[in-house]
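Next comes start-v7.cif, a file with mmCIF, C-alpha atoms and all ligand atoms.
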```
data_structure
#
loop_
_atom_site.label_atom_id
_atom_site.label_comp_id
_atom_site.auth_asym_id
_atom_site.auth_seq_id
_atom_site.Cartn_x
_atom_site.Cartn_y
_atom_site.Cartn_z
CA MET A 1 53.51 -236.19 49.79
CA PRO A 2 53.44 -234.22 46.53
CA ILE A 3 50.10 -232.83 45.46
CA SER A 4 48.81 -234.43 42.32
CA THR A 5 48.34 -231.85 39.62
CA THR A 6 45.39 -233.88 38.43
CA SER A 7 43.62 -233.45 41.76
CA ARG A 8 40.24 -231.95 40.95
CA SER A 9 39.49 -229.83 44.01
CA PRO A 10 41.95 -227.28 45.41
CA PRO A 11 44.11 -229.08 47.99
CA VAL A 12 43.82 -228.16 51.66
CA LEU A 13 47.22 -227.03 52.98
CA ASP A 14 48.13 -226.59 56.63
CA PHE A 15 49.42 -223.02 56.71
CA SER A 16 50.62 -223.26 60.33
CA ALA A 17 54.05 -224.33 59.02
CA PHE A 18 54.48 -220.77 57.75
CA TYR A 19 54.47 -219.52 61.34
CA GLY A 20 56.41 -222.41 62.90
CA SER A 21 60.13 -222.85 63.52
CA ASP A 22 60.43 -226.09 61.55
CA ALA A 23 62.30 -224.96 58.40
CA ALA A 24 61.71 -228.24 56.57
CA ALA A 25 57.95 -228.07 57.18
CA LYS A 26 57.90 -224.48 55.94
CA GLN A 27 59.84 -225.42 52.84
CA LYS A 28 57.39 -228.21 52.14
CA LEU A 29 54.45 -225.82 52.48
CA VAL A 30 56.13 -223.38 50.09
CA ALA A 31 56.64 -226.19 47.57
CA GLN A 32 52.94 -227.12 47.81
CA VAL A 33 51.90 -223.49 47.34
CA ARG A 34 54.22 -223.24 44.32
CA GLU A 35 52.69 -226.30 42.74
CA CYS A 36 49.19 -224.88 43.17
CA CYS A 37 50.22 -221.48 41.76
CA LEU A 38 51.63 -223.19 38.68
CA HIS A 39 48.64 -225.52 38.28
CA ASN A 40 45.57 -223.28 38.57
CA GLY A 41 46.33 -220.74 41.28
CA PHE A 42 43.84 -222.28 43.73
CA PHE A 43 44.41 -223.85 47.14
CA GLN A 44 42.76 -223.89 50.56
CA ILE A 45 44.38 -223.19 53.90
CA THR A 46 43.74 -224.29 57.44
CA GLY A 47 46.11 -223.57 60.32
CA HIS A 48 45.88 -219.80 59.76
CA ARG A 49 45.54 -217.34 62.61
CA ILE A 50 41.95 -216.22 62.18
CA PRO A 51 40.03 -217.52 65.20
CA SER A 52 36.93 -219.57 64.38
CA SER A 53 34.98 -217.45 66.88
CA LEU A 54 35.74 -214.36 64.75
CA GLN A 55 34.74 -216.20 61.57
CA GLU A 56 31.44 -217.17 63.17
CA LYS A 57 30.80 -213.65 64.42
CA VAL A 58 31.46 -212.05 61.04
CA MET A 59 29.22 -214.58 59.24
CA ASP A 60 26.53 -213.76 61.76
CA CYS A 61 26.93 -210.03 60.98
CA SER A 62 26.59 -210.78 57.29
CA LYS A 63 23.37 -212.78 57.77
CA ARG A 64 21.93 -210.07 60.02
CA PHE A 65 22.66 -207.50 57.35
CA PHE A 66 20.96 -209.41 54.53
CA ASP A 67 17.94 -210.07 56.78
CA LEU A 68 17.23 -206.32 56.83
CA SER A 69 14.45 -205.01 54.62
CA LEU A 70 15.33 -204.03 51.06
CA ASP A 71 14.48 -200.49 52.05
CA GLU A 72 17.07 -200.47 54.86
CA LYS A 73 19.72 -202.06 52.63
CA THR A 74 19.22 -199.69 49.73
CA LYS A 75 19.66 -196.71 52.06
CA ILE A 76 23.35 -197.53 51.92
CA SER A 77 23.47 -198.29 48.21
CA LYS A 78 26.84 -198.57 46.54
CA ALA A 79 25.46 -196.08 44.02
CA ASN A 80 25.76 -193.38 46.73
CA ASN A 81 29.51 -193.13 46.12
CA SER A 82 32.16 -193.74 43.53
CA TYR A 83 34.57 -195.71 45.68
CA ASN A 84 32.84 -199.08 45.86
CA ARG A 85 31.38 -199.14 49.36
CA GLY A 86 27.86 -200.12 50.27
CA TYR A 87 25.02 -202.38 49.23
CA GLU A 88 24.74 -203.95 45.82
CA LEU A 89 21.37 -205.27 44.67
CA LEU A 90 20.73 -208.63 43.10
CA HIS A 91 21.36 -208.63 39.35
CA SER A 92 23.94 -205.86 39.28
CA GLN A 93 26.80 -207.68 37.64
CA ILE A 94 27.45 -210.09 34.77
CA LEU A 95 30.89 -211.61 34.82
CA GLU A 96 30.12 -214.21 32.17
CA GLU A 97 29.13 -213.10 28.69
CA GLY A 98 25.78 -214.60 27.63
CA THR A 99 24.37 -215.28 31.11
CA ALA A 100 21.69 -213.44 33.08
CA PRO A 101 22.59 -210.82 35.71
CA GLU A 102 23.90 -212.52 38.80
CA LEU A 103 21.76 -213.92 41.59
CA LYS A 104 23.66 -212.46 44.51
CA GLU A 105 23.49 -209.38 46.70
CA GLY A 106 26.47 -207.89 48.48
CA LEU A 107 27.79 -205.42 51.00
CA TYR A 108 31.07 -203.91 49.85
CA LEU A 109 33.43 -202.96 52.65
CA GLY A 110 37.01 -201.86 53.12
CA GLU A 111 39.38 -200.09 55.45
CA GLU A 112 37.67 -197.18 57.20
CA ILE A 113 39.20 -194.23 55.33
CA PRO A 114 37.93 -190.88 56.65
CA SER A 115 37.19 -188.04 54.24
CA SER A 116 40.25 -186.15 55.54
CA HIS A 117 42.59 -188.99 54.47
CA PRO A 118 44.86 -188.28 51.46
CA TYR A 119 43.54 -191.43 49.75
CA PHE A 120 40.00 -190.04 49.86
CA VAL A 121 41.06 -186.50 48.98
CA ASN A 122 43.06 -187.77 45.99
CA LYS A 123 40.33 -190.25 44.93
CA LYS A 124 42.57 -193.29 45.23
CA LEU A 125 41.18 -196.71 44.30
CA ASN A 126 38.20 -197.82 46.45
CA SER A 127 39.09 -195.36 49.20
CA GLY A 128 36.61 -193.70 51.53
CA PRO A 129 34.42 -194.21 54.58
CA ASN A 130 32.31 -197.36 54.78
CA GLN A 131 28.53 -197.06 54.67
CA TRP A 132 27.02 -198.68 57.75
CA PRO A 133 23.45 -199.98 58.10
CA THR A 134 22.21 -197.68 60.85
CA GLY A 135 18.96 -199.66 61.16
CA ILE A 136 20.71 -202.88 62.26
CA ASP A 137 20.50 -204.07 65.88
CA ASN A 138 23.71 -203.64 67.76
CA LEU A 139 25.41 -201.44 65.15
CA GLU A 140 28.50 -200.89 67.26
CA GLU A 141 29.18 -204.61 67.56
CA PHE A 142 28.51 -205.01 63.82
CA GLN A 143 31.09 -202.35 62.96
CA GLN A 144 33.64 -203.62 65.44
CA THR A 145 33.41 -207.25 64.32
CA THR A 146 33.54 -206.27 60.65
CA MET A 147 36.61 -204.07 61.04
CA THR A 148 38.43 -206.50 63.35
CA TYR A 149 37.84 -209.20 60.77
CA TYR A 150 39.03 -206.92 57.95
CA ALA A 151 42.26 -206.14 59.83
CA SER A 152 42.89 -209.84 60.52
CA MET A 153 42.33 -210.71 56.88
CA PHE A 154 44.75 -207.99 55.81
CA GLU A 155 47.43 -209.66 57.96
CA LEU A 156 46.61 -213.09 56.57
CA ALA A 157 46.81 -211.81 52.98
CA LYS A 158 50.25 -210.36 53.76
CA ASP A 159 51.37 -213.76 55.04
CA VAL A 160 50.00 -215.54 51.96
CA LEU A 161 51.86 -213.07 49.74
CA ALA A 162 55.02 -213.71 51.75
CA ALA A 163 54.59 -217.42 51.06
CA VAL A 164 54.09 -216.66 47.35
CA ALA A 165 57.32 -214.61 47.38
CA LEU A 166 59.14 -217.65 48.78
CA THR A 167 57.78 -219.83 45.98
CA LEU A 168 59.65 -217.59 43.51
CA ASP A 169 62.86 -217.70 45.56
CA LEU A 170 62.32 -214.09 46.55
CA PRO A 171 62.77 -212.75 50.09
CA GLU A 172 59.73 -213.18 52.32
CA ASP A 173 59.26 -209.38 52.48
CA TYR A 174 59.56 -208.91 48.71
CA PHE A 175 55.99 -207.63 48.41
CA GLY A 176 56.56 -205.07 51.22
CA SER A 177 56.09 -201.91 49.15
CA PHE A 178 53.07 -203.43 47.37
CA VAL A 179 51.52 -204.19 50.75
CA ASP A 180 52.37 -200.81 52.35
CA GLY A 181 49.35 -198.54 51.96
CA ALA A 182 47.48 -201.36 50.21
CA VAL A 183 43.76 -201.23 49.62
CA ALA A 184 41.68 -204.37 49.84
CA ALA A 185 38.01 -204.98 49.19
CA MET A 186 35.92 -207.20 51.42
CA ARG A 187 32.42 -208.32 50.49
CA PHE A 188 29.63 -209.91 52.40
CA LEU A 189 27.81 -211.95 49.74
CA HIS A 190 24.43 -213.64 49.88
CA TYR A 191 23.22 -216.05 47.21
CA PRO A 192 19.52 -216.84 47.44
CA PRO A 193 18.65 -220.34 46.23
CA GLN A 194 18.01 -220.44 42.51
CA PRO A 195 14.29 -220.28 41.73
CA PRO A 196 13.13 -223.79 40.70
CA ASP A 197 11.95 -222.49 37.33
CA SER A 198 15.17 -220.62 36.57
CA ASN A 199 17.06 -221.42 33.42
CA GLU A 200 20.04 -223.24 34.89
CA ARG A 201 22.12 -222.61 31.84
CA LEU A 202 21.81 -218.90 32.32
CA THR A 203 21.35 -218.35 36.04
CA ARG A 204 24.55 -217.74 37.94
CA GLY A 205 25.31 -216.65 41.49
CA VAL A 206 28.54 -215.41 39.98
CA GLY A 207 29.31 -216.12 36.34
CA ALA A 208 32.56 -217.71 35.23
CA HIS A 209 35.34 -215.19 35.86
CA THR A 210 38.84 -214.71 37.08
CA ASP A 211 39.55 -212.27 39.91
CA PHE A 212 41.28 -209.01 39.16
CA GLY A 213 43.69 -208.52 42.06
CA SER A 214 46.73 -210.25 43.55
CA VAL A 215 45.25 -212.83 45.91
CA THR A 216 41.68 -213.50 47.05
CA LEU A 217 40.90 -215.21 50.35
CA LEU A 218 37.39 -216.61 50.59
CA LEU A 219 35.43 -217.75 53.61
CA GLN A 220 32.47 -219.97 52.65
CA ASP A 221 29.67 -221.03 54.97
CA GLU A 222 28.60 -224.68 54.94
CA VAL A 223 26.57 -224.40 51.71
CA ASP A 224 28.39 -225.36 48.52
CA GLY A 225 28.11 -223.61 45.17
CA LEU A 226 31.64 -222.50 44.26
CA GLN A 227 33.12 -224.32 41.28
CA VAL A 228 36.56 -224.17 39.69
CA TRP A 229 37.19 -224.84 36.02
CA ASP A 230 39.58 -227.66 35.24
CA ARG A 231 41.31 -227.01 31.94
CA ASP A 232 42.71 -230.51 31.57
CA VAL A 233 39.37 -232.30 31.53
CA GLU A 234 37.26 -229.27 30.60
CA GLN A 235 34.83 -229.61 33.48
CA TRP A 236 33.68 -227.66 36.51
CA PHE A 237 34.54 -229.08 39.93
CA ASP A 238 32.93 -228.17 43.25
CA VAL A 239 34.98 -226.60 45.99
CA LEU A 240 33.15 -228.24 48.87
CA PRO A 241 33.31 -226.10 52.01
CA VAL A 242 35.94 -227.12 54.58
CA LYS A 243 35.00 -225.72 57.97
CA GLY A 244 37.15 -222.75 58.94
CA ALA A 245 39.35 -222.96 55.82
CA TYR A 246 40.06 -220.20 53.32
CA VAL A 247 39.95 -220.77 49.61
CA VAL A 248 42.93 -218.86 48.23
CA ASN A 249 43.21 -217.96 44.57
CA LEU A 250 45.52 -215.83 42.51
CA GLY A 251 44.01 -213.02 40.46
CA ASN A 252 44.83 -211.58 37.05
CA MET A 253 47.31 -209.13 38.53
CA MET A 254 49.42 -211.98 39.87
CA GLN A 255 49.27 -213.86 36.59
CA ARG A 256 50.43 -210.76 34.73
CA TRP A 257 53.07 -209.96 37.37
CA SER A 258 54.50 -213.48 37.11
CA ASN A 259 54.61 -213.28 33.32
CA ASP A 260 51.83 -215.92 33.05
CA ARG A 261 53.85 -218.43 35.05
CA TYR A 262 51.25 -218.42 37.83
CA LYS A 263 47.59 -218.90 36.98
CA SER A 264 44.47 -216.86 37.60
CA ASN A 265 41.80 -219.47 37.06
CA LEU A 266 38.13 -219.40 36.06
CA HIS A 267 35.60 -220.02 38.81
CA ARG A 268 31.86 -219.43 39.31
CA VAL A 269 29.04 -219.90 41.79
CA ILE A 270 25.73 -221.67 41.15
CA ASN A 271 23.64 -222.11 44.26
CA LYS A 272 21.61 -225.21 43.48
CA SER A 273 21.49 -226.33 47.13
CA GLY A 274 18.00 -224.98 47.75
CA LYS A 275 19.48 -223.10 50.75
CA GLU A 276 20.68 -219.58 51.34
CA ARG A 277 24.43 -219.36 50.75
CA TYR A 278 26.76 -216.81 52.34
CA SER A 279 30.43 -216.14 51.60
CA ILE A 280 32.98 -213.44 52.39
CA PRO A 281 35.72 -212.87 49.81
CA PHE A 282 38.66 -210.60 50.62
CA PHE A 283 40.38 -209.18 47.55
CA PHE A 284 43.89 -207.87 48.12
CA ASN A 285 44.45 -205.18 45.50
CA GLY A 286 47.65 -203.58 46.80
CA ASN A 287 48.99 -200.04 46.98
CA PRO A 288 47.06 -198.10 44.30
CA ASP A 289 50.21 -196.40 42.94
CA TYR A 290 52.41 -199.48 42.92
CA VAL A 291 53.61 -200.43 39.45
CA ILE A 292 53.19 -204.08 38.49
CA ASP A 293 56.18 -205.06 36.39
CA CYS A 294 57.41 -208.58 35.62
CA LEU A 295 58.66 -210.26 38.84
CA PRO A 296 62.28 -211.36 39.17
CA ASN A 297 62.81 -214.98 38.11
CA CYS A 298 59.73 -214.90 35.86
CA ALA A 299 61.28 -213.78 32.58
CA VAL A 300 64.57 -215.64 32.58
CA ASP A 301 64.54 -217.37 29.20
CA GLU A 302 61.56 -215.54 27.77
CA PRO A 303 60.68 -211.86 27.30
CA ALA A 304 58.21 -210.07 29.57
CA ASN A 305 54.70 -210.47 28.10
CA TYR A 306 53.24 -207.21 29.44
CA PRO A 307 54.23 -203.59 29.88
CA PRO A 308 54.16 -202.20 33.43
CA ILE A 309 50.76 -201.08 34.80
CA THR A 310 49.65 -199.45 38.05
CA VAL A 311 47.52 -201.40 40.50
CA THR A 312 44.71 -198.88 39.98
CA ALA A 313 44.66 -199.30 36.19
CA ALA A 314 44.78 -203.08 36.48
CA ILE A 315 41.79 -203.25 38.85
CA LEU A 316 39.59 -200.62 37.21
CA GLY A 317 39.91 -202.31 33.81
CA GLY A 318 38.31 -205.47 35.21
CA TYR A 319 35.39 -203.67 36.91
CA ASN A 320 34.39 -201.68 33.85
CA ASP A 321 34.02 -204.77 31.71
CA SER A 322 31.67 -206.66 34.03
CA TYR A 323 29.32 -203.82 35.05
CA GLY A 324 28.98 -202.59 31.47
CA ARG A 325 27.84 -206.09 30.45
CA ALA A 326 25.05 -206.11 33.09
CA GLU A 327 23.74 -202.73 31.99
CA ARG A 328 23.77 -203.68 28.31
CA TYR A 329 21.95 -206.96 29.05
CA LYS A 330 19.18 -205.19 30.95
CA GLN A 331 18.48 -202.99 27.92
CA THR A 332 17.78 -206.01 25.71
CA GLU A 333 14.30 -207.60 25.48
CA ALA A 334 15.55 -210.88 27.00
CA GLY A 335 17.17 -208.95 29.80
CA LYS A 336 14.03 -206.95 30.55
CA ALA A 337 11.94 -210.13 30.69
CA ALA A 338 14.40 -212.04 32.87
CA THR A 339 14.86 -209.29 35.44
CA LYS A 340 11.09 -208.65 35.58
CA ARG A 341 10.31 -212.35 36.09
CA VAL A 342 12.29 -212.50 39.31
CA GLY A 343 10.80 -209.22 40.38
CA ILE A 344 13.91 -207.30 41.30
CA ASP A 345 16.08 -205.03 39.26
O1 LIG B 401 31.16 -216.55 46.80
C1 LIG B 401 32.02 -217.29 46.33
O2 LIG B 401 32.14 -218.45 46.70
C2 LIG B 401 32.98 -216.79 45.28
C3 LIG B 401 32.81 -215.35 44.96
C4 LIG B 401 33.74 -214.89 43.89
O3 LIG B 401 34.33 -215.65 43.17
C5 LIG B 401 33.97 -213.44 43.74
O4 LIG B 401 33.25 -212.65 44.37
O5 LIG B 401 34.90 -213.07 42.98
FE FE B 402 35.98 -214.64 42.21
#
```

I need this file expressed as structure tokens, please.
Ligand SMILES: O=C(O)CCC(=O)C(=O)O
Ligand SMILES: [Fe+2]
Amino acid sequence: MPISTTSRSPPVLDFSAFYGSDAAAKQKLVAQVRECCLHNGFFQITGHRIPSSLQEKVMDCSKRFFDLSLDEKTKISKANNSYNRGYELLHSQILEEGTAPELKEGLYLGEEIPSSHPYFVNKKLNSGPNQWPTGIDNLEEFQQTTMTYYASMFELAKDVLAAVALTLDLPEDYFGSFVDGAVAAMRFLHYPPQPPDSNERLTRGVGAHTDFGSVTLLLQDEVDGLQVWDRDVEQWFDVLPVKGAYVVNLGNMMQRWSNDRYKSNLHRVINKSGKERYSIPFFFNGNPDYVIDCLPNCAVDEPANYPPITVTAAILGGYNDSYGRAERYKQTEAGKAATKRVGID
């Protein structure tokens, strides 16, 4: 059954056909993925290979981390290093111009890259050792679960990219040299419920934004809050959590790479549920030195819209914009009042 392009929530696709031996089923899956990439770059997948027991364990790690005292969490502040690992306080980012700093806290994680590794020595994108919360119970289990989950997500992202390659009539391993030596960023995110007196127009868990990388794979808990912008009817639509599924979306790098054929779509989070919300996005950035240049079959009748750019330059451009906005906001009178009212800076 074809997916309706007017469908308002990202369709749930059974990804198991990617791994199966039924060529027709795989072709059908690829066609569905293609349609989503062309429409708004969002879909959800079940039938992947991440065990639900691992998903539950990693969510549990995330909740245990955020339950620590602020003092324990700030010991491993992201400000301790320049490679994006560690704890980020509430109100650190503004992705949407004109809104208040975001109501979320996060733990930024990635592949464990020791200080002897050439990526660390040469200051490659987001590369270095993780910061671990030494005050957490059962630290060894926390580290092991987190890194096992990271490795499994890396494999899943590779498979999703292979499916995307097939949608463009490229070989399944087309993205091989992009994936080799790739860096990815994983975040444990916690969205406290919005305070009842908060200005709903301004308060965001995450403001409207597009992601910067190639693909993002998001695990949500059972609390809703994620919304995707629908250009056709100019409205936000909820992405209601589907147990065990990943929300997949294409980032700006993929839109640029595909010469704007595939879409990197606006999304945001507003946690109006009254409950704590947890999610774990996995951003696949790619090999830092890889050069993003218009994909084959994407500039057939039209010229390429963009010059080539390295993965590093593409990702860093996006970060600088959003953090600069948060700092500038906090210097304004409105910003000072808003951050003081909620009591945390
Ligand atoms: O937490 C979510 O549901 C989405 C988070 C997100 O869009 C992001 O971190 O880029
Ligand atoms: Fe996002």

Write out as a PyMOL selection string the residues lying within 7 Å of Gly135 (chain A), counting only C-alpha atoms and excluding same-chain residues fewer than 2 positions away. chain A and resi 72+133+137

Could you please take those selected residues and save C-alpha atoms as a PDB file, in the frame of the given file?
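Result went into part_7.pdb, see below:
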```pdb
ATOM      1  CA  GLU A  72      17.070-200.470  54.860  1.00  0.00           C
ATOM      2  CA  PRO A 133      23.450-199.980  58.100  1.00  0.00           C
ATOM      3  CA  ASP A 137      20.500-204.070  65.880  1.00  0.00           C
TER       4      ASP A 137
END
```

Identify which of the residues A:Leu95, A:Leu170, A:Val164, A:Leu109 lies closest to ligand FE 402 (chain B), counting all atoms listed in the file when measuring atom-to-atom distances.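 Distance minimum relative to ligand FE 402 (chain B) lands on A:Leu95.
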
Nearest residue to Leu189 (chain A) out of A:Glu155, A:Glu302, A:Glu140, A:Glu88, using only C-alpha atoms? A:Glu88

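For the pair CA of Leu107 (chain A) and CA of Asp224 (chain A), the separation is 20.1 Å.
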
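The nearest approach to ligand FE 402 (chain B) among the residues A:Ala163, A:Ala185, A:Val269, A:Ala24, with only C-alpha atoms and all ligand atoms taken into account, belongs to A:Val269.
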
For the interface of chain A with ligand FE 402 (chain B) (cut-off 7 Å, counting all atoms listed in the file), please tabulate each contacting residue of chain A alongside its nearest pair of atoms and their separation in Å to one decimal, rows sorted by chain and increasing number, as CSV.
```
residue,atom,partner,partner_atom,distance
A:His209,CA,B:FE402,FE,6.4
A:Thr210,CA,B:FE402,FE,5.9
A:Asp211,CA,B:FE402,FE,4.9
A:His267,CA,B:FE402,FE,6.4
A:Arg268,CA,B:FE402,FE,7.0
```

Using only C-alpha atoms, which protein or nucleic acid residues come within 9 Å of region 304-320 of chain A? Drop anything in the same chain fewer than 3 positions from it, and give the result as a PyMOL selection string. chain A and resi 124-125+211-213+252-253+256-257+259-260+285-294+298-300+323-325

Restricting it to C-alpha atoms, dump the selection as a PDB file, in the frame of the given file.
```pdb
ATOM      1  CA  LYS A 124      42.570-193.290  45.230  1.00  0.00           C
ATOM      2  CA  LEU A 125      41.180-196.710  44.300  1.00  0.00           C
ATOM      3  CA  ASP A 211      39.550-212.270  39.910  1.00  0.00           C
ATOM      4  CA  PHE A 212      41.280-209.010  39.160  1.00  0.00           C
ATOM      5  CA  GLY A 213      43.690-208.520  42.060  1.00  0.00           C
ATOM      6  CA  ASN A 252      44.830-211.580  37.050  1.00  0.00           C
ATOM      7  CA  MET A 253      47.310-209.130  38.530  1.00  0.00           C
ATOM      8  CA  ARG A 256      50.430-210.760  34.730  1.00  0.00           C
ATOM      9  CA  TRP A 257      53.070-209.960  37.370  1.00  0.00           C
ATOM     10  CA  ASN A 259      54.610-213.280  33.320  1.00  0.00           C
ATOM     11  CA  ASP A 260      51.830-215.920  33.050  1.00  0.00           C
ATOM     12  CA  ASN A 285      44.450-205.180  45.500  1.00  0.00           C
ATOM     13  CA  GLY A 286      47.650-203.580  46.800  1.00  0.00           C
ATOM     14  CA  ASN A 287      48.990-200.040  46.980  1.00  0.00           C
ATOM     15  CA  PRO A 288      47.060-198.100  44.300  1.00  0.00           C
ATOM     16  CA  ASP A 289      50.210-196.400  42.940  1.00  0.00           C
ATOM     17  CA  TYR A 290      52.410-199.480  42.920  1.00  0.00           C
ATOM     18  CA  VAL A 291      53.610-200.430  39.450  1.00  0.00           C
ATOM     19  CA  ILE A 292      53.190-204.080  38.490  1.00  0.00           C
ATOM     20  CA  ASP A 293      56.180-205.060  36.390  1.00  0.00           C
ATOM     21  CA  CYS A 294      57.410-208.580  35.620  1.00  0.00           C
ATOM     22  CA  CYS A 298      59.730-214.900  35.860  1.00  0.00           C
ATOM     23  CA  ALA A 299      61.280-213.780  32.580  1.00  0.00           C
ATOM     24  CA  VAL A 300      64.570-215.640  32.580  1.00  0.00           C
ATOM     25  CA  TYR A 323      29.320-203.820  35.050  1.00  0.00           C
ATOM     26  CA  GLY A 324      28.980-202.590  31.470  1.00  0.00           C
ATOM     27  CA  ARG A 325      27.840-206.090  30.450  1.00  0.00           C
TER      28      ARG A 325
END
```

Environment of ligand LIG 401 (chain B) within 10 Å, counting only C-alpha atoms and all ligand atoms, reported as a PyMOL selection string: chain A and resi 95+104+106+186-191+205-213+216-221+223-228+239+241+247+249+251+266-271+277-283
